[in-house]
file structure-v2.cif (mmCIF, N, CA and C atoms)
data_model
loop_
_atom_site.label_atom_id
_atom_site.label_comp_id
_atom_site.auth_asym_id
_atom_site.auth_seq_id
_atom_site.Cartn_x
_atom_site.Cartn_y
_atom_site.Cartn_z
N MET J 458 0.84 -1.19 0.00
CA MET J 458 0.00 0.00 0.00
C MET J 458 0.88 1.25 0.00
N THR J 459 0.56 2.21 -0.85
CA THR J 459 1.34 3.45 -0.88
C THR J 459 0.54 4.58 -0.25
N GLU J 460 1.26 5.60 0.13
CA GLU J 460 0.70 6.75 0.83
C GLU J 460 0.75 7.98 -0.08
N THR J 461 -0.19 8.92 0.16
CA THR J 461 -0.17 10.22 -0.51
C THR J 461 -0.11 11.31 0.55
N LEU J 462 0.86 12.18 0.40
CA LEU J 462 1.03 13.33 1.28
C LEU J 462 0.38 14.54 0.61
N THR J 463 -0.36 15.32 1.37
CA THR J 463 -0.97 16.54 0.84
C THR J 463 -0.62 17.70 1.76
N GLU J 464 -0.11 18.78 1.18
CA GLU J 464 0.18 20.02 1.90
C GLU J 464 -0.51 21.16 1.17
N GLU J 465 -1.07 22.10 1.91
CA GLU J 465 -1.70 23.28 1.32
C GLU J 465 -1.06 24.52 1.92
N ILE J 466 -0.84 25.52 1.08
CA ILE J 466 -0.26 26.77 1.55
C ILE J 466 -0.87 27.93 0.77
N ALA J 467 -1.31 28.94 1.51
CA ALA J 467 -1.84 30.16 0.89
C ALA J 467 -0.69 31.13 0.66
N ILE J 468 -0.60 31.64 -0.56
CA ILE J 468 0.47 32.56 -0.93
C ILE J 468 -0.18 33.78 -1.57
N ASP J 469 0.22 34.97 -1.12
CA ASP J 469 -0.43 36.20 -1.54
C ASP J 469 0.11 36.77 -2.85
N VAL J 470 0.29 35.91 -3.84
CA VAL J 470 0.65 36.34 -5.20
C VAL J 470 -0.17 35.50 -6.17
N PRO J 471 -0.34 35.97 -7.40
CA PRO J 471 -1.15 35.23 -8.38
C PRO J 471 -0.53 33.87 -8.75
N PRO J 472 -1.36 32.94 -9.21
CA PRO J 472 -0.87 31.61 -9.60
C PRO J 472 0.26 31.65 -10.63
N GLU J 473 0.24 32.62 -11.51
CA GLU J 473 1.29 32.72 -12.53
C GLU J 473 2.67 32.85 -11.89
N ARG J 474 2.77 33.64 -10.83
CA ARG J 474 4.07 33.82 -10.14
C ARG J 474 4.49 32.56 -9.40
N VAL J 475 3.53 31.87 -8.80
CA VAL J 475 3.87 30.64 -8.07
C VAL J 475 4.32 29.57 -9.06
N PHE J 476 3.62 29.46 -10.19
CA PHE J 476 4.00 28.51 -11.23
C PHE J 476 5.42 28.79 -11.72
N GLU J 477 5.72 30.05 -11.99
CA GLU J 477 7.07 30.42 -12.44
C GLU J 477 8.14 30.06 -11.40
N ALA J 478 7.80 30.22 -10.13
CA ALA J 478 8.76 29.90 -9.06
C ALA J 478 9.11 28.41 -9.06
N TRP J 479 8.22 27.57 -9.59
CA TRP J 479 8.47 26.12 -9.66
C TRP J 479 9.10 25.69 -10.97
N THR J 480 9.14 26.58 -11.97
CA THR J 480 9.56 26.12 -13.30
C THR J 480 10.73 26.89 -13.91
N GLU J 481 11.12 28.00 -13.33
CA GLU J 481 12.21 28.79 -13.90
C GLU J 481 13.44 28.71 -13.00
N ALA J 482 14.56 28.39 -13.61
CA ALA J 482 15.80 28.14 -12.86
C ALA J 482 16.16 29.29 -11.92
N SER J 483 16.05 30.52 -12.38
CA SER J 483 16.46 31.64 -11.53
C SER J 483 15.62 31.71 -10.26
N HIS J 484 14.35 31.39 -10.36
CA HIS J 484 13.49 31.39 -9.17
C HIS J 484 13.81 30.19 -8.28
N LEU J 485 13.87 29.01 -8.86
CA LEU J 485 14.15 27.80 -8.07
C LEU J 485 15.46 27.91 -7.31
N MET J 486 16.47 28.42 -7.97
CA MET J 486 17.78 28.56 -7.33
C MET J 486 17.71 29.53 -6.14
N ALA J 487 16.80 30.49 -6.21
CA ALA J 487 16.70 31.50 -5.16
C ALA J 487 15.94 31.00 -3.92
N TRP J 488 14.96 30.12 -4.09
CA TRP J 488 14.16 29.74 -2.92
C TRP J 488 14.35 28.32 -2.44
N TRP J 489 14.81 27.41 -3.27
CA TRP J 489 14.86 26.00 -2.90
C TRP J 489 16.13 25.70 -2.11
N GLY J 490 16.01 25.77 -0.81
CA GLY J 490 17.14 25.58 0.10
C GLY J 490 17.56 26.91 0.67
N ASP J 491 17.55 27.03 1.97
CA ASP J 491 17.89 28.31 2.59
C ASP J 491 19.31 28.36 3.14
N GLY J 492 20.08 27.29 2.92
CA GLY J 492 21.46 27.26 3.40
C GLY J 492 21.62 26.68 4.78
N THR J 493 20.55 26.59 5.58
CA THR J 493 20.68 26.00 6.90
C THR J 493 20.71 24.48 6.84
N GLU J 494 20.03 23.90 5.84
CA GLU J 494 20.03 22.45 5.65
C GLU J 494 20.77 22.08 4.36
N PHE J 495 20.52 22.83 3.33
CA PHE J 495 21.18 22.63 2.04
C PHE J 495 20.99 23.89 1.21
N ARG J 496 21.75 23.97 0.13
CA ARG J 496 21.53 25.05 -0.84
C ARG J 496 21.58 24.44 -2.23
N THR J 497 20.76 24.96 -3.09
CA THR J 497 20.69 24.48 -4.46
C THR J 497 21.85 25.05 -5.25
N THR J 498 22.58 24.20 -5.95
CA THR J 498 23.73 24.64 -6.73
C THR J 498 23.47 24.63 -8.23
N SER J 499 22.49 23.83 -8.67
CA SER J 499 22.12 23.86 -10.09
C SER J 499 20.72 23.31 -10.26
N TRP J 500 20.08 23.77 -11.31
CA TRP J 500 18.75 23.28 -11.66
C TRP J 500 18.61 23.37 -13.17
N GLU J 501 18.15 22.28 -13.77
CA GLU J 501 17.92 22.23 -15.21
C GLU J 501 16.56 21.61 -15.44
N GLY J 502 15.85 22.12 -16.43
CA GLY J 502 14.55 21.55 -16.75
C GLY J 502 14.14 21.81 -18.18
N ASP J 503 13.54 20.82 -18.78
CA ASP J 503 12.98 20.91 -20.13
C ASP J 503 11.47 20.87 -19.95
N LEU J 504 10.87 22.06 -19.80
CA LEU J 504 9.47 22.21 -19.40
C LEU J 504 8.52 21.84 -20.55
N ARG J 505 8.33 20.54 -20.69
CA ARG J 505 7.36 19.98 -21.63
C ARG J 505 7.03 18.58 -21.13
N VAL J 506 5.86 18.10 -21.47
CA VAL J 506 5.50 16.75 -21.05
C VAL J 506 6.54 15.78 -21.62
N GLY J 507 7.12 14.98 -20.76
CA GLY J 507 8.18 14.06 -21.15
C GLY J 507 9.57 14.66 -20.99
N GLY J 508 9.65 15.98 -20.75
CA GLY J 508 10.94 16.63 -20.54
C GLY J 508 11.50 16.27 -19.17
N LYS J 509 12.80 16.26 -19.08
CA LYS J 509 13.49 15.91 -17.84
C LYS J 509 13.82 17.16 -17.03
N TRP J 510 13.95 16.98 -15.73
CA TRP J 510 14.41 18.05 -14.84
C TRP J 510 15.37 17.43 -13.82
N ARG J 511 16.24 18.27 -13.28
CA ARG J 511 17.22 17.80 -12.29
C ARG J 511 17.71 18.99 -11.47
N ALA J 512 17.80 18.77 -10.17
CA ALA J 512 18.34 19.78 -9.26
C ALA J 512 19.47 19.14 -8.47
N GLN J 513 20.49 19.93 -8.20
CA GLN J 513 21.63 19.46 -7.42
C GLN J 513 21.77 20.38 -6.20
N PHE J 514 22.17 19.78 -5.06
CA PHE J 514 22.28 20.49 -3.80
C PHE J 514 23.59 20.15 -3.12
N VAL J 515 23.96 21.01 -2.19
CA VAL J 515 25.05 20.71 -1.26
C VAL J 515 24.46 20.86 0.13
N ASP J 516 24.60 19.81 0.96
CA ASP J 516 24.08 19.90 2.32
C ASP J 516 25.13 20.53 3.24
N VAL J 517 24.77 20.72 4.49
CA VAL J 517 25.65 21.40 5.44
C VAL J 517 26.93 20.62 5.72
N LYS J 518 26.95 19.33 5.42
CA LYS J 518 28.16 18.52 5.59
C LYS J 518 29.02 18.49 4.34
N GLY J 519 28.56 19.17 3.27
CA GLY J 519 29.32 19.20 2.03
C GLY J 519 28.97 18.09 1.06
N ASN J 520 27.98 17.26 1.38
CA ASN J 520 27.55 16.21 0.48
C ASN J 520 26.81 16.78 -0.72
N VAL J 521 27.13 16.29 -1.90
CA VAL J 521 26.44 16.71 -3.11
C VAL J 521 25.31 15.70 -3.37
N LEU J 522 24.09 16.21 -3.46
CA LEU J 522 22.90 15.38 -3.64
C LEU J 522 22.13 15.87 -4.85
N SER J 523 21.30 15.00 -5.42
CA SER J 523 20.47 15.46 -6.53
C SER J 523 19.12 14.75 -6.51
N VAL J 524 18.17 15.40 -7.14
CA VAL J 524 16.82 14.88 -7.33
C VAL J 524 16.42 15.24 -8.76
N GLY J 525 15.65 14.39 -9.37
CA GLY J 525 15.23 14.67 -10.74
C GLY J 525 14.02 13.85 -11.11
N GLY J 526 13.60 14.05 -12.34
CA GLY J 526 12.44 13.33 -12.81
C GLY J 526 12.04 13.78 -14.20
N GLU J 527 10.76 13.58 -14.47
CA GLU J 527 10.20 13.87 -15.79
C GLU J 527 8.86 14.58 -15.60
N TYR J 528 8.63 15.58 -16.43
CA TYR J 528 7.35 16.29 -16.37
C TYR J 528 6.25 15.41 -16.95
N LEU J 529 5.14 15.33 -16.21
CA LEU J 529 4.01 14.51 -16.62
C LEU J 529 2.83 15.33 -17.12
N ARG J 530 2.62 16.50 -16.50
CA ARG J 530 1.50 17.37 -16.88
C ARG J 530 1.91 18.81 -16.64
N ILE J 531 1.59 19.66 -17.61
CA ILE J 531 1.89 21.08 -17.50
C ILE J 531 0.68 21.85 -18.02
N ASP J 532 -0.05 22.48 -17.12
CA ASP J 532 -1.18 23.33 -17.48
C ASP J 532 -0.93 24.69 -16.83
N ARG J 533 -0.19 25.53 -17.52
CA ARG J 533 0.20 26.84 -16.99
C ARG J 533 -1.03 27.71 -16.85
N PRO J 534 -1.31 28.34 -15.75
CA PRO J 534 -0.62 28.33 -14.47
C PRO J 534 -1.37 27.55 -13.40
N THR J 535 -2.15 26.53 -13.78
CA THR J 535 -3.01 25.87 -12.79
C THR J 535 -2.49 24.53 -12.27
N CYS J 536 -1.62 23.85 -13.03
CA CYS J 536 -1.20 22.51 -12.62
C CYS J 536 0.19 22.18 -13.16
N LEU J 537 0.96 21.50 -12.34
CA LEU J 537 2.27 21.00 -12.73
C LEU J 537 2.45 19.66 -12.04
N SER J 538 2.85 18.64 -12.79
CA SER J 538 3.06 17.32 -12.23
C SER J 538 4.35 16.73 -12.80
N PHE J 539 5.10 16.05 -11.94
CA PHE J 539 6.38 15.48 -12.36
C PHE J 539 6.75 14.31 -11.45
N THR J 540 7.62 13.45 -11.95
CA THR J 540 8.15 12.38 -11.12
C THR J 540 9.27 12.96 -10.26
N TRP J 541 9.56 12.25 -9.17
CA TRP J 541 10.53 12.70 -8.16
C TRP J 541 11.37 11.50 -7.75
N LYS J 542 12.65 11.54 -8.05
CA LYS J 542 13.56 10.45 -7.66
C LYS J 542 14.84 11.05 -7.10
N THR J 543 15.12 10.72 -5.85
CA THR J 543 16.33 11.22 -5.19
C THR J 543 17.49 10.26 -5.41
N ASP J 544 18.71 10.77 -5.27
CA ASP J 544 19.88 9.90 -5.38
C ASP J 544 20.45 9.52 -4.02
N TRP J 545 19.84 9.97 -2.93
CA TRP J 545 20.40 9.71 -1.61
C TRP J 545 19.70 8.56 -0.87
N ASP J 546 18.73 7.94 -1.50
CA ASP J 546 18.11 6.77 -0.89
C ASP J 546 17.68 5.79 -1.99
N ASN J 547 17.18 4.66 -1.58
CA ASN J 547 16.76 3.65 -2.54
C ASN J 547 15.26 3.64 -2.77
N ALA J 548 14.60 4.72 -2.37
CA ALA J 548 13.14 4.78 -2.52
C ALA J 548 12.75 4.80 -3.99
N ALA J 549 11.61 4.20 -4.25
CA ALA J 549 11.06 4.21 -5.60
C ALA J 549 10.65 5.64 -5.97
N PRO J 550 10.63 5.97 -7.25
CA PRO J 550 10.17 7.30 -7.65
C PRO J 550 8.73 7.54 -7.19
N THR J 551 8.45 8.78 -6.87
CA THR J 551 7.09 9.19 -6.53
C THR J 551 6.64 10.23 -7.55
N THR J 552 5.40 10.65 -7.43
CA THR J 552 4.86 11.68 -8.32
C THR J 552 4.45 12.88 -7.49
N ILE J 553 4.89 14.05 -7.92
CA ILE J 553 4.51 15.32 -7.30
C ILE J 553 3.45 15.96 -8.19
N GLU J 554 2.37 16.37 -7.57
CA GLU J 554 1.29 17.06 -8.28
C GLU J 554 1.07 18.40 -7.58
N LEU J 555 1.23 19.48 -8.32
CA LEU J 555 1.02 20.82 -7.78
C LEU J 555 -0.20 21.44 -8.44
N GLU J 556 -1.10 21.93 -7.63
CA GLU J 556 -2.27 22.64 -8.13
C GLU J 556 -2.19 24.07 -7.63
N PHE J 557 -2.39 25.01 -8.53
CA PHE J 557 -2.31 26.43 -8.20
C PHE J 557 -3.70 27.02 -8.35
N ARG J 558 -4.44 27.15 -7.24
CA ARG J 558 -5.82 27.67 -7.26
C ARG J 558 -5.83 29.15 -6.97
N ARG J 559 -6.44 29.92 -7.87
CA ARG J 559 -6.58 31.36 -7.66
C ARG J 559 -7.56 31.59 -6.51
N THR J 560 -7.19 32.52 -5.62
CA THR J 560 -8.05 32.92 -4.50
C THR J 560 -8.23 34.43 -4.55
N ASP J 561 -9.04 34.96 -3.65
CA ASP J 561 -9.24 36.41 -3.58
C ASP J 561 -7.95 37.15 -3.24
N THR J 562 -7.05 36.49 -2.53
CA THR J 562 -5.81 37.14 -2.09
C THR J 562 -4.57 36.65 -2.82
N GLY J 563 -4.70 35.68 -3.72
CA GLY J 563 -3.52 35.17 -4.42
C GLY J 563 -3.71 33.75 -4.90
N THR J 564 -3.01 32.81 -4.23
CA THR J 564 -2.99 31.42 -4.68
C THR J 564 -3.07 30.47 -3.49
N LEU J 565 -3.84 29.41 -3.66
CA LEU J 565 -3.76 28.28 -2.75
C LEU J 565 -2.97 27.22 -3.50
N LEU J 566 -1.78 26.91 -3.00
CA LEU J 566 -0.94 25.86 -3.58
C LEU J 566 -1.26 24.56 -2.87
N ILE J 567 -1.66 23.56 -3.65
CA ILE J 567 -1.92 22.22 -3.12
C ILE J 567 -0.85 21.31 -3.68
N LEU J 568 -0.01 20.80 -2.80
CA LEU J 568 1.08 19.90 -3.17
C LEU J 568 0.70 18.49 -2.73
N LYS J 569 0.74 17.55 -3.68
CA LYS J 569 0.50 16.14 -3.35
C LYS J 569 1.70 15.33 -3.82
N GLN J 570 2.14 14.44 -2.96
CA GLN J 570 3.18 13.50 -3.33
C GLN J 570 2.59 12.10 -3.26
N HIS J 571 2.43 11.48 -4.42
CA HIS J 571 1.82 10.16 -4.54
C HIS J 571 2.90 9.09 -4.59
N GLY J 572 2.58 7.92 -4.02
CA GLY J 572 3.45 6.76 -4.17
C GLY J 572 4.48 6.57 -3.08
N LEU J 573 4.31 7.23 -1.95
CA LEU J 573 5.23 7.02 -0.83
C LEU J 573 5.06 5.59 -0.32
N GLU J 574 6.16 4.90 -0.11
CA GLU J 574 6.15 3.45 0.12
C GLU J 574 5.54 3.02 1.45
N ASN J 575 5.64 3.86 2.48
CA ASN J 575 5.15 3.44 3.79
C ASN J 575 5.02 4.67 4.70
N ALA J 576 4.62 4.43 5.94
CA ALA J 576 4.41 5.53 6.88
C ALA J 576 5.71 6.29 7.18
N ASP J 577 6.85 5.59 7.21
CA ASP J 577 8.12 6.27 7.44
C ASP J 577 8.46 7.22 6.29
N ALA J 578 8.26 6.76 5.06
CA ALA J 578 8.51 7.61 3.89
C ALA J 578 7.57 8.80 3.90
N PHE J 579 6.32 8.58 4.29
CA PHE J 579 5.34 9.66 4.40
C PHE J 579 5.83 10.72 5.38
N GLU J 580 6.25 10.29 6.57
CA GLU J 580 6.70 11.23 7.60
C GLU J 580 7.97 11.98 7.18
N GLN J 581 8.90 11.29 6.55
CA GLN J 581 10.12 11.94 6.08
C GLN J 581 9.80 13.00 5.03
N SER J 582 8.90 12.68 4.12
CA SER J 582 8.52 13.65 3.09
C SER J 582 7.81 14.84 3.71
N LYS J 583 6.93 14.58 4.65
CA LYS J 583 6.21 15.68 5.32
C LYS J 583 7.21 16.63 5.98
N GLN J 584 8.19 16.07 6.69
CA GLN J 584 9.19 16.90 7.35
C GLN J 584 10.06 17.67 6.35
N ALA J 585 10.26 17.12 5.17
CA ALA J 585 11.06 17.80 4.14
C ALA J 585 10.27 18.91 3.45
N TRP J 586 8.99 18.66 3.15
CA TRP J 586 8.20 19.65 2.41
C TRP J 586 7.80 20.85 3.27
N LEU J 587 7.61 20.67 4.55
CA LEU J 587 7.17 21.79 5.39
C LEU J 587 8.10 23.00 5.29
N PRO J 588 9.41 22.84 5.48
CA PRO J 588 10.26 24.03 5.33
C PRO J 588 10.31 24.52 3.88
N MET J 589 10.25 23.60 2.93
CA MET J 589 10.37 24.02 1.53
C MET J 589 9.22 24.90 1.10
N VAL J 590 7.98 24.56 1.47
CA VAL J 590 6.87 25.44 1.10
C VAL J 590 6.96 26.76 1.86
N GLY J 591 7.55 26.73 3.05
CA GLY J 591 7.79 27.98 3.78
C GLY J 591 8.79 28.87 3.07
N TRP J 592 9.88 28.25 2.54
CA TRP J 592 10.87 29.02 1.78
C TRP J 592 10.23 29.63 0.54
N LEU J 593 9.38 28.87 -0.12
CA LEU J 593 8.69 29.37 -1.32
C LEU J 593 7.82 30.58 -0.96
N LYS J 594 7.05 30.46 0.08
CA LYS J 594 6.17 31.56 0.49
C LYS J 594 6.99 32.80 0.86
N GLN J 595 8.06 32.60 1.60
CA GLN J 595 8.92 33.72 1.97
C GLN J 595 9.52 34.38 0.73
N TYR J 596 10.01 33.58 -0.20
CA TYR J 596 10.59 34.11 -1.44
C TYR J 596 9.58 34.93 -2.22
N LEU J 597 8.37 34.40 -2.36
CA LEU J 597 7.35 35.10 -3.16
C LEU J 597 6.76 36.31 -2.45
N SER J 598 6.96 36.43 -1.15
CA SER J 598 6.45 37.60 -0.43
C SER J 598 7.33 38.83 -0.62
N ARG J 599 8.54 38.62 -1.17
CA ARG J 599 9.42 39.76 -1.41
C ARG J 599 8.90 40.58 -2.59
N PRO J 600 9.10 41.89 -2.55
CA PRO J 600 8.68 42.72 -3.70
C PRO J 600 9.46 42.34 -4.96
N LEU J 601 8.83 42.51 -6.09
CA LEU J 601 9.50 42.22 -7.38
C LEU J 601 10.65 43.16 -7.61
#
call {"tool": "encode", "arguments": {"input": "structure-v2.cif", "output": "structure tokens"}}
result
Amino acid sequence: MTETLTEEIAIDVPPERVFEAWTEASHLMAWWGDGTEFRTTSWEGDLRVGGKWRAQFVDVKGNVLSVGGEYLRIDRPTCLSFTWKTDWDNAAPTTIELEFRRTDTGTLLILKQHGLENADAFEQSKQAWLPMVGWLKQYLSRPL
């Protein structure tokens, strides 16, 4: 049996800006990793269905890590879905589904991670995504 993790975050900017923050290298490099746990050193993506993406990080111990996958669905600016496979564990690939819902004040981002192998994988992912969506919100709250 696999698990699905769901996180929701309200962000006070339009869905177009949140979508760009997930798909453009300059934005991803700026918010993904705050340096206290890791920092992003590179990000590449071919934003089309079937296109590949890959991000590389350096953690606080100096370890070089990467995560990557393939884009499955791209509906700008309402939905983005991709596979997720890390190089630091033996976990099977999962699927990330992002929904960007327009609200009166900006965007409700709904992040789902499908295919987590067990309760431990679910909890590890939850602990990893909580700061990441916080970094995203903080980044997008800055003036343009």
call {"tool": "resolve_selection", "arguments": {"input": "structure-v2.cif", "expression": "the PyMOL selection byres (((chain J and resi 499-512 and name CA) around 8) and name CA)", "output": "list in words"}}
result
Thr480, Ala482, Leu485, Met486, Thr497, Thr498, Gln513, Phe514, Ser523, Val524, Gly525, Gly526, Glu527, Tyr528, Leu529, Arg530 and Ile531 of chain J
call {"tool": "atom_distance", "arguments": {"input": "structure-v2.cif", "atom1": "atom C of Gly492 (chain J)", "atom2": "atom C of Ala585 (chain J)"}}
result
13.8 Å
call {"tool": "closest_residue", "arguments": {"input": "structure-v2.cif", "among": "J:Pro600, J:Asn575, J:Asn547, J:Arg533", "to": "Glu473 (chain J)", "atoms": "only N, CA and C atoms"}}
result
J:Arg533
call {"tool": "closest_residue", "arguments": {"input": "structure-v2.cif", "among": "J:Pro588, J:Gly572, J:Gly490, J:Pro471", "to": "Ala549 (chain J)", "atoms": "only C-alpha atoms"}}
result
J:Gly572
call {"tool": "atom_distance", "arguments": {"input": "structure-v2.cif", "atom1": "CA of Glu556 (chain J)", "atom2": "CA of Arg474 (chain J)"}}
result
13.0 Å
call {"tool": "atom_distance", "arguments": {"input": "structure-v2.cif", "atom1": "CA of Trp586 (chain J)", "atom2": "CA of Glu464 (chain J)"}}
result
8.0 Å
call {"tool": "resolve_selection", "arguments": {"input": "structure-v2.cif", "expression": "the PyMOL selection byres ((chain J and resi 568) around 6)", "output": "PDB file with N, CA and C atoms, in the coordinates of the input"}}
result
ATOM      1  N   LEU J 462       0.860  12.180   0.400  1.00  0.00           N
ATOM      2  CA  LEU J 462       1.030  13.330   1.280  1.00  0.00           C
ATOM      3  C   LEU J 462       0.380  14.540   0.610  1.00  0.00           C
ATOM      4  N   THR J 463      -0.360  15.320   1.370  1.00  0.00           N
ATOM      5  CA  THR J 463      -0.970  16.540   0.840  1.00  0.00           C
ATOM      6  C   THR J 463      -0.620  17.700   1.760  1.00  0.00           C
ATOM      7  N   GLU J 464      -0.110  18.780   1.180  1.00  0.00           N
ATOM      8  CA  GLU J 464       0.180  20.020   1.900  1.00  0.00           C
ATOM      9  C   GLU J 464      -0.510  21.160   1.170  1.00  0.00           C
ATOM     10  N   GLU J 465      -1.070  22.100   1.910  1.00  0.00           N
ATOM     11  CA  GLU J 465      -1.700  23.280   1.320  1.00  0.00           C
ATOM     12  C   GLU J 465      -1.060  24.520   1.920  1.00  0.00           C
ATOM     13  N   GLU J 554       2.370  16.370  -7.570  1.00  0.00           N
ATOM     14  CA  GLU J 554       1.290  17.060  -8.280  1.00  0.00           C
ATOM     15  C   GLU J 554       1.070  18.400  -7.580  1.00  0.00           C
ATOM     16  N   LEU J 555       1.230  19.480  -8.320  1.00  0.00           N
ATOM     17  CA  LEU J 555       1.020  20.820  -7.780  1.00  0.00           C
ATOM     18  C   LEU J 555      -0.200  21.440  -8.440  1.00  0.00           C
ATOM     19  N   GLU J 556      -1.100  21.930  -7.630  1.00  0.00           N
ATOM     20  CA  GLU J 556      -2.270  22.640  -8.130  1.00  0.00           C
ATOM     21  C   GLU J 556      -2.190  24.070  -7.630  1.00  0.00           C
ATOM     22  N   LEU J 566      -1.780  26.910  -3.000  1.00  0.00           N
ATOM     23  CA  LEU J 566      -0.940  25.860  -3.580  1.00  0.00           C
ATOM     24  C   LEU J 566      -1.260  24.560  -2.870  1.00  0.00           C
ATOM     25  N   ILE J 567      -1.660  23.560  -3.650  1.00  0.00           N
ATOM     26  CA  ILE J 567      -1.920  22.220  -3.120  1.00  0.00           C
ATOM     27  C   ILE J 567      -0.850  21.310  -3.680  1.00  0.00           C
ATOM     28  N   LYS J 569       0.740  17.550  -3.680  1.00  0.00           N
ATOM     29  CA  LYS J 569       0.500  16.140  -3.350  1.00  0.00           C
ATOM     30  C   LYS J 569       1.700  15.330  -3.820  1.00  0.00           C
ATOM     31  N   GLN J 570       2.140  14.440  -2.960  1.00  0.00           N
ATOM     32  CA  GLN J 570       3.180  13.500  -3.330  1.00  0.00           C
ATOM     33  C   GLN J 570       2.590  12.100  -3.260  1.00  0.00           C
TER      34      GLN J 570
END
call {"tool": "select_by_dssp", "arguments": {"input": "structure-v2.cif", "residues": "region 463-493 of chain J", "states": "alpha helix (DSSP H)", "output": "number ranges by chain"}}
result
J: 472-480, 482-488
call {"tool": "resolve_selection", "arguments": {"input": "structure-v2.cif", "expression": "the PyMOL selection byres ((chain J and resi 551) around 6)", "output": "PyMOL selection string"}}
result
chain J and resi 539-542+549-550+552-553+571-573
call {"tool": "axis_aligned_box", "arguments": {"input": "structure-v2.cif", "around": "region 527-541 of chain J", "padding_each_side": "8 Å", "output": "JSON"}}
result
{"center_x": 4.2, "center_y": 19.9, "center_z": -12.9, "size_x": 30.4, "size_y": 32.8, "size_z": 26.3}
call {"tool": "select_by_dssp", "arguments": {"input": "structure-v2.cif", "residues": "region 501-548 of chain J", "states": "strand (DSSP E or B)", "output": "PyMOL selection string"}}
result
chain J and resi 501-502+509-516+521-532+536-543
call {"tool": "closest_residue", "arguments": {"input": "structure-v2.cif", "among": "J:Val590, J:Leu597, J:Ala576, J:Ala548", "to": "Thr459 (chain J)", "atoms": "all atoms listed in the file"}}
result
J:Ala576
call {"tool": "decode", "arguments": {"input": "structure-v2.cif", "residues": "region 494-498 of chain J", "atoms": "all heavy atoms", "output": "short mmCIF file (atom, residue, chain, number, x, y, z; two decimals), in the first residue's frame"}}
result
data_model
loop_
_atom_site.label_atom_id
_atom_site.label_comp_id
_atom_site.auth_asym_id
_atom_site.auth_seq_id
_atom_site.Cartn_x
_atom_site.Cartn_y
_atom_site.Cartn_z
N GLU J 494 20.03 23.90 5.84
CA GLU J 494 20.03 22.45 5.65
C GLU J 494 20.77 22.08 4.36
O GLU J 494 21.52 21.12 4.33
CB GLU J 494 18.60 21.92 5.58
CG GLU J 494 17.83 22.15 6.87
CD GLU J 494 16.39 21.73 6.76
OE1 GLU J 494 16.12 20.67 6.17
OE2 GLU J 494 15.53 22.46 7.27
N PHE J 495 20.52 22.83 3.33
CA PHE J 495 21.18 22.63 2.04
C PHE J 495 20.99 23.89 1.21
O PHE J 495 20.19 24.75 1.55
CB PHE J 495 20.61 21.40 1.30
CG PHE J 495 19.18 21.55 0.88
CD1 PHE J 495 18.84 22.13 -0.34
CD2 PHE J 495 18.15 21.12 1.70
CE1 PHE J 495 17.52 22.27 -0.72
CE2 PHE J 495 16.83 21.26 1.32
CZ PHE J 495 16.52 21.84 0.10
N ARG J 496 21.75 23.97 0.13
CA ARG J 496 21.53 25.05 -0.84
C ARG J 496 21.58 24.44 -2.23
O ARG J 496 22.34 23.50 -2.50
CB ARG J 496 22.52 26.19 -0.67
CG ARG J 496 23.91 25.91 -1.08
CD ARG J 496 24.84 27.11 -0.84
NE ARG J 496 26.19 26.63 -0.90
CZ ARG J 496 26.84 26.35 -2.03
NH1 ARG J 496 26.28 26.56 -3.19
NH2 ARG J 496 28.07 25.88 -2.00
N THR J 497 20.76 24.96 -3.09
CA THR J 497 20.69 24.48 -4.46
C THR J 497 21.85 25.05 -5.25
O THR J 497 22.10 26.26 -5.21
CB THR J 497 19.35 24.89 -5.11
OG1 THR J 497 18.29 24.40 -4.29
CG2 THR J 497 19.20 24.34 -6.51
N THR J 498 22.58 24.20 -5.95
CA THR J 498 23.73 24.64 -6.73
C THR J 498 23.47 24.63 -8.23
O THR J 498 24.15 25.32 -8.97
CB THR J 498 24.96 23.77 -6.41
OG1 THR J 498 24.63 22.40 -6.65
CG2 THR J 498 25.39 23.95 -4.96
#
